[in-house]
Every structure is written in structure tokens, then in C-alpha cells.
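Asker: One structure coming up, written as C-alpha cells, with questions to follow.
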Amino acid sequence: MIKFDEVTHFYNSEQGNKVASLSKINLEIEKGDFIAIIGANGSGKSTLARHINGLLLPSEGDVLVESYNTKDLNMIWSIRTKVGMVFQNPDNQLVATTIEDDVAFGLENIGIEEKEMKKRVDWALKVVGLSELRNSEPHLLSGGQKQRVVIAGALAMHTSYLILDEPTSMLDPKGRKEVLEIIKRLNEEENITVVYITQFMSEAAQFKNIIVLDKGKIVLTGPPKKIFNQPDFLLSLNLEIPQITRLARELSANGLDIPANILNEDEMIKYLCLYI
């Protein structure tokens with residue numbers, strides 16, 4: 001379990017004032033959770049993510065990763081072997097000349113024996129569907145493939161928790177679909193806990209639960225149908241609802257017998273087919 005206990009984080013503004021980017025966050029993330037975090041720019045999403053593996057430390061309160069407190073610097077490597085991070089730009093996390101070497105990079109740093117390293121790299125590449133490209137150069141890959149290499153590097157560390165900070169914001173629709181399919185499989189088949197920060201509401205709608213941040217505070221939590229059934233509140237936070245949900249609400253308001261909280265195209269097609 002990951003636990004935030006009254007976590008506040010301050011940063012210094014250009015005027016020299018202390019500003020809270022997180023304010024008294026209380027949050028528990030259980031093993032196997034599949035969570036999306038949404039919020040307007042500056043709401044604290046990335047700051048929260050960076051607290052999970054100790055890239056940032058609380059100014060007040062504590063973050064616990066299982067039995068480890070991120071403030072205990074003696075435990076930081078143990079925490080980071082459990083918590084993998086994937087950022088917006090995969091090029092910033094690719095360091096080797098081949099995909100295979102890139103996936104092995106973290107293992108080399110913690111001194112994993114060569115036979116075990118090869119076993120882990122083989123497994124991680126198979127999971128993300130890149131085994132046949134293992135000897136390719138990362139810079140020749142598509143954006144979606146690059147993010148899959150980064151994810152494989154985290155998996156090879158035997159990561160229990162995968163934190164993704166807007167990993168599809170620089171990708172085209174095909175690349176976004178690739179990344180989402182991979183992390184869904186990791187959660188369902190490997191029971192890896194996923195915390196996924198996104199600016200795309202259609203992506204957030206595919207998760208089991210959503211956390212909504214505003215001005216460094218958690219203002220709403222729950223499953224997608226609950227979250228996106230409050231469009232006026234989301235609009236007040238400069239957030240929207242998925243396009244398919246907007247369409248469902250319009251059709252429902254115009255007399256069609258269609259639920260207003262539809263979240264995906266398959267649901268919409270099912271109801272529209274009743275009118276054919």
C-alpha cells in the first residue's frame with residue numbers, strides 16, 4: 001500500500017513566498033488499484049506523483065510505500081525498485097544504444113547478476129511486445145514504442161507500482177492507444193498497481209477510479225461514472241467530460257432513451273442500435 005498522511009509540499013515562488021503545491025493530502029493506494037488523476041494545470045498532479053518514489057519529499061506529513069517512509073534516505077533505493085516512474089517525454093528516459101541495453105540499465109545500476117538480468121529483460125520486452133526489436137536503436141522507434149521501452153525498464157526492476165505522468169501527452173492517437181493497452185494488461189495480468197496522470201478525459205474514463213485535484217487538494221474521488229456525472233463541477237475546475245459522454249447527455253436531453261453517463265463508444269453503439 002502507498003499512503004499519504006497529511007502531506008503538504010511547499011515551493012518558493014518568484015516573489016520569495018512559500019506556496020503550497022499540495023495541501024494536507026490524505027490518500028491510500030491499495031495493491032492492484034488502477035487509478036487516474038486529473039486536474040487543471042497547476043493543480044498538483046505531477047507534484048503528487050513525484051512524492052510516491054521520493055523524487056520530492058513532503059514539507060509536512062509523510063508518504064509511506066509499504067513499510068518505507070520516503071523521508072528515510074537509507075530506504076530510497078528500496079522504494080525506487082518498487083515504484084517505477086514514466087514521464088511525458090520518453091526521450092528523457094532513454095539512455096542506451098539498443099532497446100535491450102536500455103531495459104537492462106536500471107538492473108545494472110543495482111548490481112543484478114547477468115543471468116537474472118537477461119531473464120528479467122526477456123520477460124519485460126515480451127510483456128510490452130518489443131522482443132523482436134530488442135537490438136534496435138531506441139531513437140528509430142515511434143513515440144508509443146519508446147514509451148513501451150521505458151515501461152519495460154520499470155517492469156524489469158520488478159516494479160510493484162507504476163506511476164505514469166501524462167505519458168501520452170506527446171503521442172498521436174495510435175501511440176496513446178498502445179500505451180493504454182499495455183498498462184491495462186499489466187494491471188489485469190500482473191496485478192501491478194497503476195497511478196496514471198492524464199489531461200485526456202477519455203483516458204481517465206477507462207480507469208477503475210479517478211482522483212480529482214484542484215489547487216493542491218483532493219476535491220473528488222470515485223469511479224468514472226460518478227466523476228463525469230458532475231459536469232458543472234468539473235467545468236468549474238476548468239475540466240471537461242469525455243466527448244462520448246457529452247454526446248450521450250445531448251441525445252438524452254433531446255428525448256432519446258440513452259443514459260447520460262455513457263463513457264465509451266461500445267456503450268453508445270449498443271443503445272443507438274436499439275433505434276435501427
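Chain labels follow the order of the C-alpha cells: the first chain is A, the next B, and so on; residue numbering restarts at 1 in every chain, and ligands are counted from 1 in their shown order.
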List every residue of region 110-159 of chain A that DSSP, applied to the backbone, labels as helix (DSSP H, G or I), and write the result as a ChimeraX atom specification.
Answerer: /A:114-127,131-133,138-140,143-156
Asker: List the spatial neighbours of Thr198 (chain A) as an mmCIF file with N, CA and C atoms, in the first residue's frame - criterion: any atom at most 6 Å away, only C-alpha atoms, same-chain residues fewer than 2 positions off excluded.
Answerer:
data_model
loop_
_atom_site.group_PDB
_atom_site.id
_atom_site.type_symbol
_atom_site.label_atom_id
_atom_site.label_comp_id
_atom_site.auth_asym_id
_atom_site.auth_seq_id
_atom_site.Cartn_x
_atom_site.Cartn_y
_atom_site.Cartn_z
ATOM 1 N N ILE A 38 -6.687 13.448 -12.374
ATOM 2 C CA ILE A 38 -6.944 14.552 -13.291
ATOM 3 C C ILE A 38 -6.986 15.858 -12.504
ATOM 4 N N GLU A 166 1.360 11.841 -17.345
ATOM 5 C CA GLU A 166 0.958 12.269 -18.691
ATOM 6 C C GLU A 166 1.812 11.602 -19.768
ATOM 7 N N PHE A 200 -6.303 13.869 -20.696
ATOM 8 C CA PHE A 200 -7.339 13.392 -21.611
ATOM 9 C C PHE A 200 -8.448 12.701 -20.816
#
Asker: Quick one, how far is CA of Asn41 (chain A) from CA of Glu28 (chain A)?
Answerer: 23.2 Å
Asker: Looking at A:Ala36, A:Ala205, A:Leu27, A:Leu22, which one is nearest to Leu56 (chain A), with distances taken over only C-alpha atoms?
Answerer: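 The shortest atom-to-atom distance to Leu56 (chain A) comes from A:Leu22.
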Asker: Within region 61-166 of chain A, find each residue whose DSSP state, derived from the backbone, is strand (DSSP E or B), and express the selection as a PyMOL selection string.
Answerer: chain A and resi 61-65+68-69+83-86+161-165
Asker: Next, dump the selected residues to file, keeping only N, CA, C and O atoms, as a JSON list (two decimals), in the first residue's frame.
Answerer:
[["chain", "number", "residue", "atom", "x", "y", "z"],
["A", 61, "GLY", "N", 4.00, 16.16, 6.91],
["A", 61, "GLY", "CA", 3.35, 14.88, 6.72],
["A", 61, "GLY", "C", 4.31, 13.82, 6.20],
["A", 61, "GLY", "O", 5.52, 14.03, 6.13],
["A", 62, "ASP", "N", 3.76, 12.65, 5.86],
["A", 62, "ASP", "CA", 4.58, 11.51, 5.45],
["A", 62, "ASP", "C", 3.97, 10.78, 4.27],
["A", 62, "ASP", "O", 2.74, 10.72, 4.14],
["A", 63, "VAL", "N", 4.85, 10.22, 3.43],
["A", 63, "VAL", "CA", 4.44, 9.29, 2.37],
["A", 63, "VAL", "C", 5.07, 7.95, 2.68],
["A", 63, "VAL", "O", 6.30, 7.85, 2.85],
["A", 64, "LEU", "N", 4.24, 6.91, 2.77],
["A", 64, "LEU", "CA", 4.71, 5.57, 3.06],
["A", 64, "LEU", "C", 4.51, 4.68, 1.84],
["A", 64, "LEU", "O", 3.41, 4.65, 1.28],
["A", 65, "VAL", "N", 5.56, 4.01, 1.42],
["A", 65, "VAL", "CA", 5.47, 3.00, 0.37],
["A", 65, "VAL", "C", 5.68, 1.66, 1.05],
["A", 65, "VAL", "O", 6.79, 1.31, 1.44],
["A", 68, "TYR", "N", 8.05, 1.60, 4.05],
["A", 68, "TYR", "CA", 9.13, 2.58, 3.94],
["A", 68, "TYR", "C", 8.60, 4.00, 3.90],
["A", 68, "TYR", "O", 7.68, 4.31, 3.14],
["A", 69, "ASN", "N", 9.23, 4.88, 4.68],
["A", 69, "ASN", "CA", 8.93, 6.30, 4.64],
["A", 69, "ASN", "C", 9.88, 6.96, 3.66],
["A", 69, "ASN", "O", 11.09, 6.77, 3.75],
["A", 83, "VAL", "N", 8.70, 1.28, -7.02],
["A", 83, "VAL", "CA", 7.88, 2.29, -7.70],
["A", 83, "VAL", "C", 8.59, 2.74, -8.97],
["A", 83, "VAL", "O", 9.63, 3.39, -8.93],
["A", 84, "GLY", "N", 8.02, 2.41, -10.13],
["A", 84, "GLY", "CA", 8.57, 2.85, -11.41],
["A", 84, "GLY", "C", 7.88, 4.11, -11.88],
["A", 84, "GLY", "O", 6.68, 4.29, -11.67],
["A", 85, "MET", "N", 8.66, 5.00, -12.50],
["A", 85, "MET", "CA", 8.12, 6.27, -12.99],
["A", 85, "MET", "C", 8.26, 6.36, -14.50],
["A", 85, "MET", "O", 9.30, 6.04, -15.06],
["A", 86, "VAL", "N", 7.20, 6.83, -15.16],
["A", 86, "VAL", "CA", 7.22, 7.09, -16.60],
["A", 86, "VAL", "C", 6.73, 8.52, -16.81],
["A", 86, "VAL", "O", 5.66, 8.89, -16.33],
["A", 161, "TYR", "N", 4.55, -0.92, -8.32],
["A", 161, "TYR", "CA", 3.71, 0.24, -8.57],
["A", 161, "TYR", "C", 4.27, 1.00, -9.77],
["A", 161, "TYR", "O", 5.48, 1.25, -9.84],
["A", 162, "LEU", "N", 3.40, 1.36, -10.69],
["A", 162, "LEU", "CA", 3.81, 2.09, -11.89],
["A", 162, "LEU", "C", 3.09, 3.43, -11.90],
["A", 162, "LEU", "O", 1.86, 3.49, -11.93],
["A", 163, "ILE", "N", 3.88, 4.51, -11.86],
["A", 163, "ILE", "CA", 3.35, 5.86, -11.84],
["A", 163, "ILE", "C", 3.64, 6.50, -13.19],
["A", 163, "ILE", "O", 4.80, 6.59, -13.60],
["A", 164, "LEU", "N", 2.62, 6.93, -13.90],
["A", 164, "LEU", "CA", 2.78, 7.49, -15.24],
["A", 164, "LEU", "C", 2.27, 8.92, -15.25],
["A", 164, "LEU", "O", 1.09, 9.17, -14.97],
["A", 165, "ASP", "N", 3.17, 9.86, -15.54],
["A", 165, "ASP", "CA", 2.84, 11.28, -15.51],
["A", 165, "ASP", "C", 2.62, 11.80, -16.93],
["A", 165, "ASP", "O", 3.57, 12.13, -17.64]]
Asker: Name all residues at most 8 Å from region 144-150 of chain A (count only C-alpha atoms; drop same-chain ones fewer than 6 positions away) and give them as a CSV table (one decimal) with N, CA and C atoms, in the first residue's frame.
Answerer:
chain,number,residue,atom,x,y,z
A,86,VAL,N,7.2,6.8,-15.2
A,86,VAL,CA,7.2,7.1,-16.6
A,86,VAL,C,6.7,8.5,-16.8
A,90,PRO,N,9.5,10.3,-23.5
A,90,PRO,CA,10.3,9.1,-23.3
A,90,PRO,C,11.8,9.3,-23.7
A,91,ASP,N,12.0,10.3,-24.5
A,91,ASP,CA,13.4,10.5,-24.9
A,91,ASP,C,14.3,10.9,-23.7
A,93,GLN,N,14.2,9.5,-20.9
A,93,GLN,CA,14.5,8.4,-20.1
A,93,GLN,C,15.2,7.3,-20.8
A,94,LEU,N,15.5,7.5,-22.1
A,94,LEU,CA,16.2,6.5,-22.9
A,94,LEU,C,17.7,6.9,-22.9
A,99,ILE,N,17.5,-1.2,-27.5
A,99,ILE,CA,16.4,-1.3,-26.6
A,99,ILE,C,16.8,-2.3,-25.4
A,102,ASP,N,18.9,-0.6,-22.9
A,102,ASP,CA,18.1,0.4,-22.1
A,102,ASP,C,17.3,-0.2,-21.0
A,103,VAL,N,16.6,-1.3,-21.4
A,103,VAL,CA,15.8,-2.0,-20.4
A,103,VAL,C,16.7,-2.6,-19.2
A,125,LEU,N,10.5,-7.3,-22.1
A,125,LEU,CA,10.3,-7.0,-23.5
A,125,LEU,C,9.1,-7.8,-24.1
A,128,VAL,N,5.7,-6.0,-23.1
A,128,VAL,CA,5.4,-4.8,-23.8
A,128,VAL,C,5.4,-5.0,-25.3
A,130,LEU,N,7.9,-6.0,-27.5
A,130,LEU,CA,9.1,-5.5,-28.2
A,130,LEU,C,10.2,-6.5,-28.3
A,138,PRO,N,16.8,2.8,-30.0
A,138,PRO,CA,15.6,3.5,-29.5
A,138,PRO,C,15.1,4.7,-30.3
A,167,PRO,N,1.9,10.3,-19.8
A,167,PRO,CA,2.8,9.6,-20.7
A,167,PRO,C,2.4,9.6,-22.1
A,168,THR,N,1.1,10.0,-22.4
A,168,THR,CA,0.7,10.1,-23.8
A,168,THR,C,0.5,11.5,-24.3
A,171,LEU,N,2.0,12.0,-27.7
A,171,LEU,CA,1.8,10.9,-28.7
A,171,LEU,C,0.6,11.1,-29.5
A,174,LYS,N,-2.7,6.7,-32.1
A,174,LYS,CA,-2.2,5.3,-32.2
A,174,LYS,C,-1.3,5.0,-31.0
A,175,GLY,N,-0.4,6.0,-30.7
A,175,GLY,CA,0.6,5.8,-29.7
A,175,GLY,C,-0.1,5.8,-28.3
A,176,ARG,N,-1.1,6.6,-28.1
A,176,ARG,CA,-1.9,6.7,-26.9
A,176,ARG,C,-2.6,5.3,-26.6
A,178,GLU,N,-1.7,2.4,-27.8
A,178,GLU,CA,-0.7,1.4,-27.5
A,178,GLU,C,-0.3,1.4,-26.0
A,179,VAL,N,0.0,2.6,-25.5
A,179,VAL,CA,0.4,2.7,-24.1
A,179,VAL,C,-0.7,2.3,-23.1
A,182,ILE,N,-1.1,-1.5,-23.0
A,182,ILE,CA,-0.1,-2.1,-22.2
A,182,ILE,C,-0.3,-2.0,-20.7
Asker: Which is closer to Ala154 (chain A) than all the others in A:Glu108, A:Ser136, A:Ala96, A:Arg80, using only C-alpha atoms?
Answerer: A:Arg80
Asker: Would you kindly return, as a PDB file with N, CA and C atoms, in the first residue's frame, each protein, DNA or RNA residue with an atom no farther than 12 Å from any atom of Glu203 (chain A), considering only C-alpha atoms and excluding same-chain residues fewer than 6 positions away?
Answerer:
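That gives us selection.pdb:
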ATOM      1  N   ILE A  35      -5.788   3.640 -11.043  1.00  0.00           N
ATOM      2  CA  ILE A  35      -6.276   4.973 -10.696  1.00  0.00           C
ATOM      3  C   ILE A  35      -5.787   6.013 -11.697  1.00  0.00           C
ATOM      4  N   ALA A  36      -6.691   6.886 -12.103  1.00  0.00           N
ATOM      5  CA  ALA A  36      -6.325   8.057 -12.903  1.00  0.00           C
ATOM      6  C   ALA A  36      -6.398   9.291 -12.018  1.00  0.00           C
ATOM      7  N   ILE A  37      -5.483  10.230 -12.254  1.00  0.00           N
ATOM      8  CA  ILE A  37      -5.502  11.509 -11.547  1.00  0.00           C
ATOM      9  C   ILE A  37      -5.678  12.606 -12.580  1.00  0.00           C
ATOM     10  N   ILE A  38      -6.687  13.448 -12.374  1.00  0.00           N
ATOM     11  CA  ILE A  38      -6.944  14.552 -13.291  1.00  0.00           C
ATOM     12  C   ILE A  38      -6.986  15.858 -12.504  1.00  0.00           C
ATOM     13  N   GLU A 166       1.360  11.841 -17.345  1.00  0.00           N
ATOM     14  CA  GLU A 166       0.958  12.269 -18.691  1.00  0.00           C
ATOM     15  C   GLU A 166       1.812  11.602 -19.768  1.00  0.00           C
ATOM     16  N   PRO A 167       1.887  10.265 -19.771  1.00  0.00           N
ATOM     17  CA  PRO A 167       2.793   9.573 -20.685  1.00  0.00           C
ATOM     18  C   PRO A 167       2.377   9.624 -22.147  1.00  0.00           C
ATOM     19  N   THR A 168       1.129  10.042 -22.415  1.00  0.00           N
ATOM     20  CA  THR A 168       0.665  10.054 -23.807  1.00  0.00           C
ATOM     21  C   THR A 168       0.484  11.466 -24.349  1.00  0.00           C
ATOM     22  N   SER A 169       0.880  12.476 -23.584  1.00  0.00           N
ATOM     23  CA  SER A 169       0.606  13.854 -23.995  1.00  0.00           C
ATOM     24  C   SER A 169       1.348  14.250 -25.267  1.00  0.00           C
ATOM     25  N   PRO A 173      -2.867   9.513 -31.568  1.00  0.00           N
ATOM     26  CA  PRO A 173      -3.884   8.586 -31.058  1.00  0.00           C
ATOM     27  C   PRO A 173      -3.442   7.131 -31.062  1.00  0.00           C
ATOM     28  N   ARG A 176      -1.113   6.639 -28.120  1.00  0.00           N
ATOM     29  CA  ARG A 176      -1.852   6.664 -26.856  1.00  0.00           C
ATOM     30  C   ARG A 176      -2.563   5.337 -26.618  1.00  0.00           C
ATOM     31  N   LYS A 177      -3.143   4.800 -27.687  1.00  0.00           N
ATOM     32  CA  LYS A 177      -3.843   3.521 -27.562  1.00  0.00           C
ATOM     33  C   LYS A 177      -2.877   2.411 -27.181  1.00  0.00           C
ATOM     34  N   VAL A 179      -0.033   2.592 -25.475  1.00  0.00           N
ATOM     35  CA  VAL A 179       0.396   2.713 -24.080  1.00  0.00           C
ATOM     36  C   VAL A 179      -0.718   2.280 -23.136  1.00  0.00           C
ATOM     37  N   LEU A 180      -1.955   2.714 -23.398  1.00  0.00           N
ATOM     38  CA  LEU A 180      -3.073   2.350 -22.530  1.00  0.00           C
ATOM     39  C   LEU A 180      -3.326   0.850 -22.531  1.00  0.00           C
ATOM     40  N   GLU A 181      -3.226   0.228 -23.688  1.00  0.00           N
ATOM     41  CA  GLU A 181      -3.434  -1.220 -23.755  1.00  0.00           C
ATOM     42  C   GLU A 181      -2.399  -1.961 -22.927  1.00  0.00           C
ATOM     43  N   ILE A 183      -0.662  -0.835 -20.239  1.00  0.00           N
ATOM     44  CA  ILE A 183      -0.810  -0.686 -18.789  1.00  0.00           C
ATOM     45  C   ILE A 183      -2.073  -1.388 -18.276  1.00  0.00           C
ATOM     46  N   LYS A 184      -3.106  -1.484 -19.108  1.00  0.00           N
ATOM     47  CA  LYS A 184      -4.277  -2.263 -18.709  1.00  0.00           C
ATOM     48  C   LYS A 184      -3.901  -3.726 -18.511  1.00  0.00           C
ATOM     49  N   TYR A 196      -2.092   6.884 -12.885  1.00  0.00           N
ATOM     50  CA  TYR A 196      -1.949   7.427 -14.240  1.00  0.00           C
ATOM     51  C   TYR A 196      -2.460   8.858 -14.277  1.00  0.00           C
ATOM     52  N   ILE A 197      -1.556   9.808 -14.488  1.00  0.00           N
ATOM     53  CA  ILE A 197      -1.937  11.214 -14.604  1.00  0.00           C
ATOM     54  C   ILE A 197      -2.201  11.528 -16.069  1.00  0.00           C
ATOM     55  N   ASN A 209     -10.946   3.954 -10.895  1.00  0.00           N
ATOM     56  CA  ASN A 209     -11.240   5.086 -10.024  1.00  0.00           C
ATOM     57  C   ASN A 209     -10.469   6.310 -10.496  1.00  0.00           C
ATOM     58  N   ILE A 210     -10.998   7.482 -10.152  1.00  0.00           N
ATOM     59  CA  ILE A 210     -10.396   8.756 -10.540  1.00  0.00           C
ATOM     60  C   ILE A 210     -10.239   9.616  -9.297  1.00  0.00           C
ATOM     61  N   PRO A 224     -15.422   6.396 -12.630  1.00  0.00           N
ATOM     62  CA  PRO A 224     -15.665   7.365 -13.712  1.00  0.00           C
ATOM     63  C   PRO A 224     -17.117   7.817 -13.841  1.00  0.00           C
ATOM     64  N   ILE A 241     -15.779  16.806 -19.627  1.00  0.00           N
ATOM     65  CA  ILE A 241     -16.158  15.403 -19.580  1.00  0.00           C
ATOM     66  C   ILE A 241     -15.801  14.792 -20.933  1.00  0.00           C
ATOM     67  N   PRO A 242     -15.671  13.464 -21.023  1.00  0.00           N
ATOM     68  CA  PRO A 242     -15.321  12.843 -22.312  1.00  0.00           C
ATOM     69  C   PRO A 242     -16.316  13.207 -23.404  1.00  0.00           C
ATOM     70  N   GLN A 243     -15.822  13.289 -24.639  1.00  0.00           N
ATOM     71  CA  GLN A 243     -16.686  13.668 -25.763  1.00  0.00           C
ATOM     72  C   GLN A 243     -17.883  12.737 -25.890  1.00  0.00           C
ATOM     73  N   ILE A 244     -17.660  11.433 -25.688  1.00  0.00           N
ATOM     74  CA  ILE A 244     -18.760  10.471 -25.840  1.00  0.00           C
ATOM     75  C   ILE A 244     -19.824  10.701 -24.772  1.00  0.00           C
ATOM     76  N   LEU A 263     -19.718   6.224 -21.116  1.00  0.00           N
ATOM     77  CA  LEU A 263     -18.306   6.592 -21.072  1.00  0.00           C
ATOM     78  C   LEU A 263     -17.487   6.103 -22.255  1.00  0.00           C
ATOM     79  N   ASN A 264     -18.039   5.174 -23.051  1.00  0.00           N
ATOM     80  CA  ASN A 264     -17.237   4.663 -24.169  1.00  0.00           C
ATOM     81  C   ASN A 264     -18.114   4.387 -25.386  1.00  0.00           C
TER      82      ASN A 264
END
Asker: In terms of the shortest atom-to-atom distance over only C-alpha atoms, which of A:Val195, A:Met117, A:Leu247, A:Val7 is closest to Leu57 (chain A)?
Answerer: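 Among the listed residues, the smallest separation from Leu57 (chain A) belongs to A:Val7.
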Asker: So what do you get for CA of Asn53 (chain A) versus CA of Ile79 (chain A), distance-wise?
Answerer: 6.1 Å
Asker: List the spatial neighbours of region 133-135 of chain A as a list in words - criterion: any atom at most 9 Å away, only C-alpha atoms, same-chain residues fewer than 4 positions off excluded.
Answerer: Thr97, Thr98, Ile99, Glu100, Asp101, Asp122, Leu125 and Gly129 of chain A
Asker: How would the residues just picked look written out with C-alpha atoms as a CSV table (one decimal), in the first residue's frame?
Answerer:
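So out_16.csv came out as:
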chain,number,residue,atom,x,y,z
A,97,THR,CA,22.1,2.5,-27.8
A,98,THR,CA,19.8,-0.6,-28.1
A,99,ILE,CA,16.4,-1.3,-26.6
A,100,GLU,CA,17.8,-4.4,-24.7
A,101,ASP,CA,20.5,-2.3,-23.1
A,122,ASP,CA,13.4,-11.0,-21.8
A,125,LEU,CA,10.3,-7.0,-23.5
A,129,GLY,CA,5.6,-6.6,-27.2
Asker: Taking into account only C-alpha atoms, which residue in the set A:Asn26, A:Arg246, A:Gly106, A:Ser21 is nearest to Gln230 (chain A)?
Answerer: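 Looking only at the distances to Gln230 (chain A), the closest residue turns out to be A:Arg246.
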Asker: Given the choices A:Val127, A:Leu235, A:Ile2, A:Val95, which gets closest to Ser67 (chain A) if the distance is worked out from only C-alpha atoms?
Answerer: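 The closest residue to Ser67 (chain A) is A:Ile2.
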Asker: Please indicate the distance in Å from CA of Lys118 (chain A) to CA of Ala104 (chain A), rounded to one decimal place.
Answerer: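 Computed distance, CA of Lys118 (chain A) to CA of Ala104 (chain A), equals 7.9 Å.
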Asker: So, counting only C-alpha atoms, which residue among A:Ser131, A:Asn92, A:Thr47, A:Asn187 is closest to Ile25 (chain A)?
Answerer: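 Checking each of A:Ser131, A:Asn92, A:Thr47, A:Asn187 against Ile25 (chain A), counting only C-alpha atoms, the winner is A:Thr47.
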Asker: Which residues are near Gly54 (chain A)? Cut-off 7 Å, only C-alpha atoms, ignore same chain within fewer than 3 positions. Put them as a list in words.
Answerer: Arg50, His51, Leu57, Thr70 and Ile76 of chain A
